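**Student:** Quick one, model30.cif (mmCIF, C-alpha atoms):
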```cif
data_target
#
loop_
_atom_site.group_PDB
_atom_site.id
_atom_site.type_symbol
_atom_site.label_atom_id
_atom_site.label_comp_id
_atom_site.auth_asym_id
_atom_site.auth_seq_id
_atom_site.Cartn_x
_atom_site.Cartn_y
_atom_site.Cartn_z
ATOM 1 C CA MET A 405 14.370 -3.097 0.791
ATOM 2 C CA LYS A 406 12.193 -3.708 3.823
ATOM 3 C CA PHE A 407 9.500 -1.411 5.089
ATOM 4 C CA LYS A 408 9.165 -1.101 8.835
ATOM 5 C CA LYS A 409 5.922 0.859 8.759
ATOM 6 C CA VAL A 410 3.596 2.388 6.176
ATOM 7 C CA GLU A 411 1.216 5.200 7.094
ATOM 8 C CA ILE A 412 -1.329 6.271 4.492
ATOM 9 C CA SER A 413 -3.643 9.256 4.690
ATOM 10 C CA ALA A 414 -6.042 10.901 2.237
ATOM 11 C CA PHE A 415 -5.627 8.175 -0.381
ATOM 12 C CA ARG A 416 -8.807 6.477 -1.592
ATOM 13 C CA ILE A 417 -10.333 4.503 1.300
ATOM 14 C CA PHE A 418 -7.602 5.540 3.743
ATOM 15 C CA ASP A 419 -9.052 8.785 5.089
ATOM 16 C CA LYS A 420 -7.465 8.745 8.538
ATOM 17 C CA PRO A 421 -3.881 7.699 9.399
ATOM 18 C CA GLU A 422 -5.062 5.917 12.550
ATOM 19 C CA ASP A 423 -7.060 3.570 10.304
ATOM 20 C CA ALA A 424 -4.219 3.129 7.800
ATOM 21 C CA THR A 425 -1.007 2.493 9.697
ATOM 22 C CA PHE A 426 0.633 -0.798 8.810
ATOM 23 C CA ASP A 427 3.441 -1.953 11.108
ATOM 24 C CA PHE A 428 5.592 -4.728 9.677
ATOM 25 C CA THR A 429 7.666 -5.494 12.751
ATOM 26 C CA ASN A 430 7.437 -8.702 14.731
ATOM 27 C CA LYS A 431 7.093 -8.988 18.513
ATOM 28 C CA SER A 432 10.837 -8.518 19.044
ATOM 29 C CA GLY A 433 10.834 -5.283 17.005
ATOM 30 C CA GLU A 434 12.615 -6.696 13.954
ATOM 31 C CA VAL A 435 11.284 -5.997 10.483
ATOM 32 C CA ALA A 436 9.437 -9.036 9.110
ATOM 33 C CA ASN A 437 11.032 -10.945 6.238
ATOM 34 C CA PHE A 438 7.650 -11.724 4.686
ATOM 35 C CA VAL A 439 4.314 -9.920 4.872
ATOM 36 C CA SER A 440 1.064 -11.045 3.287
ATOM 37 C CA LEU A 441 -2.054 -8.900 3.014
ATOM 38 C CA TYR A 442 -5.248 -10.915 3.146
ATOM 39 C CA ALA A 443 -8.756 -9.479 3.187
ATOM 40 C CA PRO A 444 -12.079 -9.807 1.366
ATOM 41 C CA ASN A 445 -12.795 -7.780 -1.756
ATOM 42 C CA GLY A 446 -13.268 -4.079 -1.120
ATOM 43 C CA PHE A 447 -11.066 -3.813 1.966
ATOM 44 C CA GLY A 448 -8.255 -1.770 0.379
ATOM 45 C CA LYS A 449 -5.525 -4.206 -0.659
ATOM 46 C CA THR A 450 -5.090 -2.629 -4.095
ATOM 47 C CA SER A 451 -5.356 0.861 -2.609
ATOM 48 C CA PHE A 452 -2.558 -0.046 -0.193
ATOM 49 C CA TYR A 453 -0.239 -1.139 -3.006
ATOM 50 C CA ASP A 454 -1.194 1.869 -5.145
ATOM 51 C CA ALA A 455 -0.444 4.220 -2.239
ATOM 52 C CA VAL A 456 2.981 2.649 -1.683
ATOM 53 C CA GLU A 457 3.770 2.854 -5.409
ATOM 54 C CA TRP A 458 2.581 6.487 -5.543
ATOM 55 C CA GLY A 459 4.703 7.357 -2.511
ATOM 56 C CA ILE A 460 7.842 5.890 -4.065
ATOM 57 C CA THR A 461 7.405 6.794 -7.756
ATOM 58 C CA ASN A 462 4.771 9.574 -7.826
ATOM 59 C CA ASN A 463 2.982 7.388 -10.378
ATOM 60 C CA ILE A 464 0.659 4.378 -10.508
ATOM 61 C CA GLN A 465 1.823 2.248 -13.429
ATOM 62 C CA ARG A 466 -1.270 0.058 -13.747
ATOM 63 C CA PHE A 467 -3.267 3.101 -14.900
ATOM 64 C CA TRP A 468 -0.959 3.458 -17.914
ATOM 65 C CA ILE A 469 -0.668 -0.178 -19.034
ATOM 66 C CA ASN A 470 -3.480 -0.286 -21.625
ATOM 67 C CA LYS A 471 -3.821 3.405 -22.320
ATOM 68 C CA LYS A 472 -3.971 4.166 -26.059
ATOM 69 C CA ASN A 473 -2.876 7.573 -27.339
#
```
How does this structure look as structure tokens?

**Tutor:**
Amino acid sequence: MKFKKVEISAFRIFDKPEDATFDFTNKSGEVANFVSLYAPNGFGKTSFYDAVEWGITNNIQRFWINKKN
């Protein structure tokens, strides 16, 4: 599965969609085969992945990994 574009709003640091729209197409309009997110700590990389996971599964698995009942 390839994502052409991801738009996040009202999820952690992504308050406004204009600040959180990720377009994964290249200059010719084709969807990229590989995308890498690179940024310093605190810039929202984990929030991006959590938002995508939440949008697909309605769950964020990493919050349940070490949870003891």

**Student:** Run the PyMOL selection byres ((chain A and resi 448) around 12) against the file shown and list the residues it catches, as a list in words.

**Tutor:** Ile412, Phe415, Arg416, Ile417, Phe418, Asp419, Asp423, Ala424, Leu441, Tyr442, Ala443, Pro444, Asn445, Gly446, Phe447, Lys449, Thr450, Ser451, Phe452, Tyr453, Asp454 and Ala455 of chain A

**Student:** How many Å lie between atom CA of Val456 of chain A and atom CA of Ser440 of chain A, rounded to one decimal?

**Tutor:**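 Taking atom CA of Val456 of chain A and atom CA of Ser440 of chain A, their separation equals 14.7 Å.
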
**Student:** Report as a list of chain:residue names the full result of the PyMOL selection byres ((chain A and resi 406-409) around 7) when it is applied to this structure.

**Tutor:**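 What the PyMOL selection byres ((chain A and resi 406-409) around 7) grabs from the file is A:Met405, A:Val410, A:Glu411, A:Phe426, A:Asp427, A:Phe428, A:Thr429, A:Val435.
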
**Student:** Between atom CA of Ala414 of chain A and atom CA of Phe467 of chain A, what is the distance in Å, rounded to a tenth?

**Tutor:** 19.0 Å
